[in-house]
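Trainee: For reference, this is run35.cif, and it has mmCIF, C-alpha atoms and all ligand atoms.
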```
data_input
loop_
_atom_site.label_atom_id
_atom_site.label_comp_id
_atom_site.auth_asym_id
_atom_site.auth_seq_id
_atom_site.Cartn_x
_atom_site.Cartn_y
_atom_site.Cartn_z
CA MET A 1 -37.70 14.08 -17.38
CA ARG A 2 -35.07 16.45 -16.04
CA LYS A 3 -35.96 19.11 -13.50
CA LYS A 4 -36.64 22.74 -14.38
CA ILE A 5 -34.73 24.77 -11.81
CA VAL A 6 -34.41 28.46 -10.97
CA ALA A 7 -31.72 29.31 -8.42
CA GLY A 8 -31.02 32.73 -6.93
CA ASN A 9 -27.42 33.54 -6.01
CA TRP A 10 -27.55 36.50 -3.64
CA LYS A 11 -23.76 36.73 -3.48
CA MET A 12 -22.58 39.15 -0.72
CA ASN A 13 -25.77 41.21 -0.61
CA LYS A 14 -28.46 42.05 1.96
CA THR A 15 -28.32 42.87 5.65
CA TYR A 16 -30.10 40.50 8.01
CA GLU A 17 -33.34 42.55 7.96
CA GLU A 18 -33.24 42.84 4.18
CA ALA A 19 -32.63 39.12 3.81
CA ILE A 20 -35.62 38.23 6.01
CA GLN A 21 -37.76 40.69 4.08
CA LEU A 22 -36.75 39.11 0.76
CA ILE A 23 -37.45 35.59 2.05
CA ASN A 24 -40.85 36.70 3.38
CA ASP A 25 -41.67 38.39 0.06
CA LEU A 26 -40.66 35.26 -1.86
CA ASN A 27 -42.77 33.07 0.43
CA ALA A 28 -45.79 35.33 0.03
CA GLY A 29 -45.40 35.50 -3.76
CA LEU A 30 -44.72 31.79 -4.26
CA ASN A 31 -47.55 30.62 -2.02
CA ASN A 32 -50.03 32.44 -4.26
CA LEU A 33 -48.55 31.28 -7.53
CA SER A 34 -48.97 28.38 -9.87
CA HIS A 35 -45.83 27.70 -11.89
CA SER A 36 -44.17 24.77 -13.58
CA THR A 37 -40.68 25.18 -12.12
CA ASP A 38 -39.71 21.96 -10.33
CA GLU A 39 -37.18 23.42 -7.92
CA ILE A 40 -36.50 26.94 -6.67
CA ILE A 41 -33.17 27.25 -4.90
CA ILE A 42 -32.31 30.22 -2.71
CA CYS A 43 -28.60 30.78 -2.17
CA PRO A 44 -28.19 33.50 0.50
CA PRO A 45 -24.97 34.38 2.31
CA ALA A 46 -24.11 31.54 4.73
CA LEU A 47 -25.05 33.70 7.72
CA TYR A 48 -28.70 33.54 6.70
CA LEU A 49 -28.88 29.94 5.48
CA HIS A 50 -30.49 28.54 8.60
CA GLU A 51 -33.19 31.19 8.62
CA ALA A 52 -33.76 30.83 4.87
CA ALA A 53 -34.13 27.05 5.19
CA THR A 54 -36.43 27.36 8.20
CA LEU A 55 -38.65 30.11 6.81
CA THR A 56 -39.12 28.38 3.43
CA ARG A 57 -39.70 24.90 4.88
CA ASP A 58 -43.41 24.98 4.09
CA THR A 59 -43.12 26.71 0.71
CA ALA A 60 -43.53 24.15 -2.05
CA LYS A 61 -40.51 23.33 -4.19
CA VAL A 62 -38.13 25.72 -2.39
CA PHE A 63 -34.66 24.53 -1.36
CA THR A 64 -31.60 26.36 -0.08
CA ALA A 65 -27.94 26.31 -1.10
CA SER A 66 -24.67 27.63 0.24
CA GLN A 67 -22.50 29.66 -2.13
CA ASN A 68 -19.37 27.66 -1.26
CA CYS A 69 -17.99 25.00 1.08
CA HIS A 70 -14.58 24.04 2.38
CA THR A 71 -12.56 21.02 1.24
CA ASN A 72 -12.37 19.67 4.82
CA GLU A 73 -15.13 18.48 7.13
CA SER A 74 -13.85 20.41 10.16
CA GLY A 75 -10.69 21.80 11.70
CA ALA A 76 -8.46 24.84 12.04
CA TYR A 77 -9.68 26.83 9.04
CA THR A 78 -10.67 30.19 10.47
CA GLY A 79 -13.56 31.83 8.67
CA GLU A 80 -14.47 28.78 6.59
CA ILE A 81 -17.72 26.81 6.40
CA SER A 82 -17.92 23.02 6.17
CA VAL A 83 -20.40 20.79 4.37
CA LYS A 84 -21.50 19.33 7.70
CA MET A 85 -22.40 22.82 8.93
CA ILE A 86 -24.25 23.56 5.70
CA LYS A 87 -26.22 20.31 5.95
CA SER A 88 -26.94 20.87 9.63
CA VAL A 89 -28.77 24.15 8.98
CA GLY A 90 -31.06 22.53 6.42
CA ALA A 91 -29.48 23.34 3.05
CA THR A 92 -29.79 20.88 0.18
CA TYR A 93 -27.23 22.21 -2.31
CA SER A 94 -23.93 24.03 -2.52
CA ILE A 95 -22.90 26.22 -5.44
CA LEU A 96 -19.34 25.26 -6.38
CA GLY A 97 -17.02 26.72 -8.99
CA HIS A 98 -18.65 30.12 -9.38
CA SER A 99 -16.33 32.25 -11.54
CA GLU A 100 -16.08 34.89 -8.80
CA ARG A 101 -14.66 32.31 -6.42
CA ARG A 102 -12.40 30.89 -9.13
CA MET A 103 -11.09 34.42 -9.73
CA TYR A 104 -10.97 36.09 -6.29
CA ASN A 105 -10.32 32.99 -4.19
CA HIS A 106 -8.10 31.21 -6.70
CA GLU A 107 -10.23 28.08 -6.74
CA SER A 108 -8.67 25.64 -9.21
CA ASP A 109 -10.35 22.76 -11.01
CA GLU A 110 -8.50 20.41 -8.63
CA MET A 111 -9.70 22.22 -5.51
CA LEU A 112 -13.22 22.15 -6.88
CA ARG A 113 -12.93 18.43 -7.45
CA ASP A 114 -12.15 18.05 -3.73
CA LYS A 115 -15.09 20.29 -2.81
CA VAL A 116 -17.43 18.30 -5.05
CA ASN A 117 -16.22 15.08 -3.43
CA ILE A 118 -16.77 16.23 0.13
CA ALA A 119 -20.17 17.74 -0.68
CA LEU A 120 -21.45 14.54 -2.27
CA ALA A 121 -19.95 12.39 0.49
CA ASN A 122 -22.11 14.39 2.92
CA ASN A 123 -25.26 14.18 0.80
CA LEU A 124 -25.09 17.81 -0.24
CA LYS A 125 -26.05 18.23 -3.90
CA VAL A 126 -23.93 20.48 -6.09
CA ILE A 127 -24.70 23.29 -8.51
CA PHE A 128 -21.45 23.24 -10.47
CA CYS A 129 -20.61 26.43 -12.37
CA CYS A 130 -18.55 26.50 -15.53
CA GLY A 131 -18.00 29.11 -18.21
CA GLU A 132 -15.41 30.93 -20.26
CA SER A 133 -13.96 34.44 -20.27
CA LEU A 134 -14.43 36.80 -23.20
CA GLU A 135 -10.81 36.20 -24.19
CA ILE A 136 -11.35 32.44 -24.45
CA ARG A 137 -14.57 32.97 -26.41
CA SER A 138 -12.90 35.36 -28.82
CA LYS A 139 -10.19 32.76 -29.50
CA ASN A 140 -12.97 30.27 -30.27
CA GLU A 141 -11.72 27.94 -27.52
CA TYR A 142 -14.81 28.14 -25.32
CA ILE A 143 -16.23 24.69 -25.95
CA ASN A 144 -12.99 22.90 -25.14
CA PHE A 145 -12.45 25.16 -22.14
CA VAL A 146 -15.80 24.28 -20.57
CA LYS A 147 -15.25 20.63 -21.42
CA SER A 148 -11.95 20.70 -19.51
CA GLN A 149 -13.64 22.31 -16.47
CA LEU A 150 -16.16 19.45 -16.39
CA GLU A 151 -13.53 16.78 -17.00
CA ASN A 152 -11.19 18.09 -14.32
CA SER A 153 -13.73 18.60 -11.54
CA LEU A 154 -16.64 16.24 -12.23
CA PHE A 155 -15.88 13.40 -14.61
CA HIS A 156 -14.19 11.24 -11.97
CA LEU A 157 -17.63 10.80 -10.35
CA SER A 158 -19.64 7.61 -10.65
CA LYS A 159 -22.93 7.64 -12.56
CA GLU A 160 -24.80 7.52 -9.28
CA GLN A 161 -22.84 10.44 -7.83
CA PHE A 162 -23.37 12.45 -11.00
CA SER A 163 -27.13 12.33 -10.42
CA SER A 164 -26.58 14.83 -7.56
CA ILE A 165 -25.00 17.39 -9.90
CA VAL A 166 -26.75 20.36 -11.51
CA ILE A 167 -24.61 22.22 -14.06
CA ALA A 168 -24.74 26.01 -14.39
CA TYR A 169 -23.22 27.38 -17.58
CA GLU A 170 -22.23 30.95 -16.76
CA PRO A 171 -20.12 32.74 -19.37
CA ILE A 172 -17.98 35.16 -17.35
CA TRP A 173 -18.56 37.95 -19.85
CA ALA A 174 -22.29 37.80 -19.11
CA ILE A 175 -22.15 37.77 -15.30
CA GLY A 176 -23.26 41.05 -13.78
CA THR A 177 -22.54 42.89 -17.04
CA GLY A 178 -26.04 43.24 -18.46
CA VAL A 179 -24.75 41.41 -21.57
CA THR A 180 -26.73 38.18 -21.78
CA ALA A 181 -25.67 35.28 -23.98
CA SER A 182 -28.02 35.08 -26.95
CA LYS A 183 -30.43 32.18 -26.95
CA GLU A 184 -28.34 30.60 -29.72
CA GLN A 185 -25.09 30.99 -27.74
CA ALA A 186 -26.70 29.51 -24.62
CA GLN A 187 -28.25 26.61 -26.53
CA GLU A 188 -24.99 25.83 -28.34
CA MET A 189 -23.03 25.45 -25.12
CA HIS A 190 -25.79 23.62 -23.24
CA TYR A 191 -26.04 21.16 -26.13
CA GLU A 192 -22.27 20.61 -26.01
CA ILE A 193 -22.31 20.13 -22.23
CA ARG A 194 -25.06 17.53 -22.54
CA TYR A 195 -23.09 15.87 -25.32
CA PHE A 196 -19.97 15.65 -23.09
CA ILE A 197 -22.06 14.16 -20.30
CA ALA A 198 -23.58 11.64 -22.69
CA ALA A 199 -20.14 10.65 -23.98
CA LYS A 200 -18.95 10.06 -20.43
CA TYR A 201 -22.03 8.69 -18.65
CA GLY A 202 -24.46 7.72 -21.40
CA SER A 203 -27.51 9.44 -22.84
CA GLU A 204 -29.83 8.47 -19.99
CA VAL A 205 -27.70 10.38 -17.48
CA ALA A 206 -27.24 13.30 -19.89
CA GLU A 207 -30.98 13.57 -20.48
CA ALA A 208 -31.61 13.57 -16.72
CA THR A 209 -29.06 16.30 -15.91
CA SER A 210 -30.39 19.83 -15.42
CA ILE A 211 -28.21 22.47 -17.10
CA LEU A 212 -28.92 26.04 -16.00
CA TYR A 213 -27.94 29.24 -17.76
CA GLY A 214 -26.46 32.12 -15.72
CA GLY A 215 -25.37 35.59 -16.75
CA SER A 216 -27.59 38.70 -16.71
CA CYS A 217 -30.73 36.60 -16.93
CA ASN A 218 -33.74 38.78 -16.06
CA PRO A 219 -37.54 38.82 -16.36
CA LYS A 220 -37.29 40.10 -19.94
CA ASN A 221 -34.95 37.50 -21.40
CA ALA A 222 -35.65 34.45 -19.21
CA LYS A 223 -38.47 33.07 -21.36
CA GLU A 224 -36.53 32.90 -24.62
CA LEU A 225 -33.54 31.37 -22.83
CA PHE A 226 -35.65 28.79 -20.98
CA GLU A 227 -37.38 27.84 -24.24
CA GLN A 228 -34.14 26.45 -25.65
CA ALA A 229 -34.08 22.67 -25.85
CA ASP A 230 -31.11 22.20 -23.54
CA VAL A 231 -31.66 25.09 -21.13
CA ASP A 232 -33.34 23.74 -18.00
CA GLY A 233 -33.54 26.96 -16.03
CA GLY A 234 -31.29 29.64 -14.64
CA LEU A 235 -28.81 30.62 -11.97
CA ILE A 236 -29.78 34.20 -11.31
CA GLY A 237 -27.60 36.83 -9.64
CA GLY A 238 -28.76 40.45 -9.63
CA ALA A 239 -32.38 39.73 -10.52
CA SER A 240 -32.73 37.32 -7.57
CA LEU A 241 -32.36 40.23 -5.14
CA VAL A 242 -35.79 41.62 -6.01
CA ALA A 243 -38.64 39.26 -5.14
CA ALA A 244 -40.90 40.36 -8.01
CA ASP A 245 -38.14 39.88 -10.59
CA PHE A 246 -37.12 36.48 -9.27
CA ILE A 247 -40.74 35.33 -9.19
CA SER A 248 -41.27 36.60 -12.72
CA ILE A 249 -38.26 34.51 -13.86
CA ILE A 250 -39.72 31.47 -12.06
CA GLN A 251 -42.89 31.99 -14.13
CA SER A 252 -40.94 32.09 -17.40
CA PHE A 253 -41.20 28.38 -18.20
C1 LIG B 1 -24.22 34.80 -11.07
O1 LIG B 1 -23.35 35.43 -10.48
O2 LIG B 1 -24.35 33.59 -10.84
C2 LIG B 1 -25.05 35.50 -12.03
C3 LIG B 1 -25.65 34.82 -12.95
O3 LIG B 1 -25.11 36.88 -11.90
P1 LIG B 1 -26.00 37.90 -12.76
O4 LIG B 1 -27.35 37.27 -12.97
O5 LIG B 1 -26.07 39.13 -11.92
O6 LIG B 1 -25.29 38.12 -14.05
#
```
Could you spell out this file's structure in C-alpha cells?

Mentor:
Amino acid sequence: MRKKIVAGNWKMNKTYEEAIQLINDLNAGLNNLSHSTDEIIICPPALYLHEAATLTRDTAKVFTASQNCHTNESGAYTGEISVKMIKSVGATYSILGHSERRMYNHESDEMLRDKVNIALANNLKVIFCCGESLEIRSKNEYINFVKSQLENSLFHLSKEQFSSIVIAYEPIWAIGTGVTASKEQAQEMHYEIRYFIAAKYGSEVAEATSILYGGSCNPKNAKELFEQADVDGGLIGGASLVAADFISIIQSF
C-alpha cells in the first residue's frame, strides 16, 4: 500500500521567530490529532531545517525536507547547500524540480537528473516535481510534456532507487494562483504518471509510488482531490504557512 503524504513547501517565507512559532503550532496540533496521513513533510527554508528537524523529532509521522540541493557534494559554490549538509541536519527528503526553481534558477531536466542522483547516493529521498504551463496544456501537449520530464530526470534510476522517489504533479497554472486543477484533471494526470511508471518499472513499483498533487490545494478542496484513486496526498504551498490550514489538509484523507 502506498503512503499518503502531505508536504508543506514554505518557499521563501517566515522569519526565524515566525518559523519556530509555526513549527510549535504544528507540533501542538498534530500531537492532539488522530489522522490517517502516513507522512507529513515540512519543507522550510534551509536556514531553519535543523531546528525544524529537531523540534519535530518526537512528533509522529513528521519528516523534514530541503527545497533544493546542489549537484556537488562540497566545494567552491558560494551560497549553495549540499546533500551532505541537508542530511547532517536531520532532513529526510529534498524537493527537486519545483517549477519556480526550473523557471527562476534555470534548472533543466539534465541538471535535475544530477541532483536526483546525488540526493539518492546520499540516502536523501526526493520529492520530484513535474507539471506543465498553461500554454502547454492549451496545446493539449501536457501528458507528453510531463512524461518527458519524468523520462529525462528519473527514468535512468534502478527499481530500487525509484523506491526513494515521491512524485508531485504541480501544474504551473495552479501554483499560487488560486486556480486549482479539477479533481478530474488531477486524476487524469496522476493516472498517466502511474501508467508511465508501470511501463518503465512494472505495476508493483507504480502501485507503491506516492503521487502528490500541488497547486492551490487548500482545506476546502483537499478532500475531493485526495479522494481520487491516484492522488496520494498533496504538496502544499500557501496553505502550509498557516498551522490550522495545514492540519486541516492533513485531516482530509
Ligand atoms: C507549491 O509551490 O508547491 C504549491 C503547491 O504552491 P500553492 O499551494 O501555493 O499553489

Trainee: Give as a JSON list (two decimals) with C-alpha atoms, in the frame of the given file every residue, naming chains and numbers as the document does, that has an atom within 9 Å of (-15.3, 38.5, -22.5), counting only C-alpha atoms.

Mentor:
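Heads up, here's the output in point20.json:
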```
[["chain", "number", "residue", "atom", "x", "y", "z"],
["A", 132, "GLU", "CA", -15.41, 30.93, -20.26],
["A", 133, "SER", "CA", -13.96, 34.44, -20.27],
["A", 134, "LEU", "CA", -14.43, 36.80, -23.20],
["A", 135, "GLU", "CA", -10.81, 36.20, -24.19],
["A", 136, "ILE", "CA", -11.35, 32.44, -24.45],
["A", 137, "ARG", "CA", -14.57, 32.97, -26.41],
["A", 138, "SER", "CA", -12.90, 35.36, -28.82],
["A", 171, "PRO", "CA", -20.12, 32.74, -19.37],
["A", 172, "ILE", "CA", -17.98, 35.16, -17.35],
["A", 173, "TRP", "CA", -18.56, 37.95, -19.85],
["A", 174, "ALA", "CA", -22.29, 37.80, -19.11]]
```

Trainee: State, in Å with one decimal place, the distance from atom CA of A:Ile5 to atom CA of A:Cys129.

Mentor: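 Atom-to-atom, atom CA of A:Ile5 to atom CA of A:Cys129, that is 14.2 Å.
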
Trainee: I want to know what sits within 10 Å of A:His156, based on only C-alpha atoms, with residues of the same chain fewer than 5 positions away left out; could you give that as a ChimeraX atom specification?

Mentor: /A:113,117,150-151,161-162,200

Trainee: List as a list in words the protein and nucleic acid residues near A:Ala28, meaning an atom at most 12 Å away when only C-alpha atoms are counted, but skip any in the same chain fewer than 5 places from it.

Mentor: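 Returned residues: Gln21, Leu22, Ile23, Leu33, Leu55, Thr56, Asp58, Thr59, Ala60, Ala243, Ala244 and Ile247 of chain A.
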
Trainee: Using only C-alpha atoms, can you tell me which of A:Phe128, A:Tyr104, A:Phe155, A:Tyr169 comes closest to A:Tyr201?

Mentor: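 Closest to A:Tyr201 of all the choices is A:Phe155.
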
Trainee: Can you work out which residues are within 10 Å of ligand LIG 1 (chain B), considering all atoms listed in the file, and then hand them over as a ChimeraX atom specification?

Mentor: /A:7-11,67,95,98-100,129,168-180,212-218,234-241

Trainee: How would stretch 220-248 of chain A read, as a JSON list (two decimals), in the frame of the given file, once N, CA and C atoms are built in?

Mentor:
```json
[["chain", "number", "residue", "atom", "x", "y", "z"],
["A", 220, "LYS", "N", -37.03, 39.85, -18.52],
["A", 220, "LYS", "CA", -37.29, 40.10, -19.94],
["A", 220, "LYS", "C", -36.74, 39.01, -20.86],
["A", 221, "ASN", "N", -35.56, 38.46, -20.49],
["A", 221, "ASN", "CA", -34.95, 37.50, -21.40],
["A", 221, "ASN", "C", -35.08, 36.04, -20.96],
["A", 222, "ALA", "N", -35.62, 35.82, -19.75],
["A", 222, "ALA", "CA", -35.65, 34.45, -19.21],
["A", 222, "ALA", "C", -36.45, 33.50, -20.12],
["A", 223, "LYS", "N", -37.58, 33.97, -20.60],
["A", 223, "LYS", "CA", -38.47, 33.07, -21.36],
["A", 223, "LYS", "C", -37.77, 32.51, -22.60],
["A", 224, "GLU", "N", -37.14, 33.40, -23.37],
["A", 224, "GLU", "CA", -36.53, 32.90, -24.62],
["A", 224, "GLU", "C", -35.33, 32.01, -24.32],
["A", 225, "LEU", "N", -34.65, 32.26, -23.21],
["A", 225, "LEU", "CA", -33.54, 31.37, -22.83],
["A", 225, "LEU", "C", -34.08, 30.01, -22.38],
["A", 226, "PHE", "N", -35.11, 30.03, -21.53],
["A", 226, "PHE", "CA", -35.65, 28.79, -20.98],
["A", 226, "PHE", "C", -36.37, 27.95, -22.05],
["A", 227, "GLU", "N", -36.72, 28.59, -23.16],
["A", 227, "GLU", "CA", -37.38, 27.84, -24.24],
["A", 227, "GLU", "C", -36.41, 26.98, -25.04],
["A", 228, "GLN", "N", -35.12, 27.22, -24.87],
["A", 228, "GLN", "CA", -34.14, 26.45, -25.65],
["A", 228, "GLN", "C", -34.13, 24.99, -25.18],
["A", 229, "ALA", "N", -33.91, 24.10, -26.13],
["A", 229, "ALA", "CA", -34.08, 22.67, -25.85],
["A", 229, "ALA", "C", -33.22, 22.16, -24.70],
["A", 230, "ASP", "N", -32.01, 22.72, -24.56],
["A", 230, "ASP", "CA", -31.11, 22.20, -23.54],
["A", 230, "ASP", "C", -30.92, 23.13, -22.34],
["A", 231, "VAL", "N", -31.73, 24.17, -22.27],
["A", 231, "VAL", "CA", -31.66, 25.09, -21.13],
["A", 231, "VAL", "C", -32.78, 24.71, -20.15],
["A", 232, "ASP", "N", -32.37, 24.27, -18.97],
["A", 232, "ASP", "CA", -33.34, 23.74, -18.00],
["A", 232, "ASP", "C", -33.62, 24.70, -16.86],
["A", 233, "GLY", "N", -33.28, 25.97, -17.07],
["A", 233, "GLY", "CA", -33.54, 26.96, -16.03],
["A", 233, "GLY", "C", -32.38, 27.92, -15.91],
["A", 234, "GLY", "N", -32.32, 28.61, -14.77],
["A", 234, "GLY", "CA", -31.29, 29.64, -14.64],
["A", 234, "GLY", "C", -30.69, 29.73, -13.25],
["A", 235, "LEU", "N", -29.44, 30.17, -13.22],
["A", 235, "LEU", "CA", -28.81, 30.62, -11.97],
["A", 235, "LEU", "C", -28.78, 32.14, -12.08],
["A", 236, "ILE", "N", -29.50, 32.78, -11.18],
["A", 236, "ILE", "CA", -29.78, 34.20, -11.31],
["A", 236, "ILE", "C", -29.04, 34.97, -10.23],
["A", 237, "GLY", "N", -28.29, 35.99, -10.62],
["A", 237, "GLY", "CA", -27.60, 36.83, -9.64],
["A", 237, "GLY", "C", -28.43, 38.05, -9.30],
["A", 238, "GLY", "N", -28.12, 39.17, -9.95],
["A", 238, "GLY", "CA", -28.76, 40.45, -9.63],
["A", 238, "GLY", "C", -30.28, 40.39, -9.53],
["A", 239, "ALA", "N", -30.90, 39.74, -10.49],
["A", 239, "ALA", "CA", -32.38, 39.73, -10.52],
["A", 239, "ALA", "C", -32.99, 38.87, -9.41],
["A", 240, "SER", "N", -32.16, 38.11, -8.68],
["A", 240, "SER", "CA", -32.73, 37.32, -7.57],
["A", 240, "SER", "C", -32.84, 38.15, -6.30],
["A", 241, "LEU", "N", -32.33, 39.38, -6.34],
["A", 241, "LEU", "CA", -32.36, 40.23, -5.14],
["A", 241, "LEU", "C", -33.66, 41.00, -5.00],
["A", 242, "VAL", "N", -34.49, 40.94, -6.03],
["A", 242, "VAL", "CA", -35.79, 41.62, -6.01],
["A", 242, "VAL", "C", -36.86, 40.54, -6.17],
["A", 243, "ALA", "N", -37.70, 40.38, -5.14],
["A", 243, "ALA", "CA", -38.64, 39.26, -5.14],
["A", 243, "ALA", "C", -39.48, 39.21, -6.41],
["A", 244, "ALA", "N", -40.01, 40.35, -6.84],
["A", 244, "ALA", "CA", -40.90, 40.36, -8.01],
["A", 244, "ALA", "C", -40.16, 39.89, -9.26],
["A", 245, "ASP", "N", -38.91, 40.29, -9.41],
["A", 245, "ASP", "CA", -38.14, 39.88, -10.59],
["A", 245, "ASP", "C", -37.85, 38.38, -10.56],
["A", 246, "PHE", "N", -37.45, 37.90, -9.39],
["A", 246, "PHE", "CA", -37.12, 36.48, -9.27],
["A", 246, "PHE", "C", -38.38, 35.63, -9.54],
["A", 247, "ILE", "N", -39.49, 36.07, -9.00],
["A", 247, "ILE", "CA", -40.74, 35.33, -9.19],
["A", 247, "ILE", "C", -41.15, 35.36, -10.67],
["A", 248, "SER", "N", -40.94, 36.51, -11.30],
["A", 248, "SER", "CA", -41.27, 36.60, -12.72],
["A", 248, "SER", "C", -40.40, 35.62, -13.53]]
```
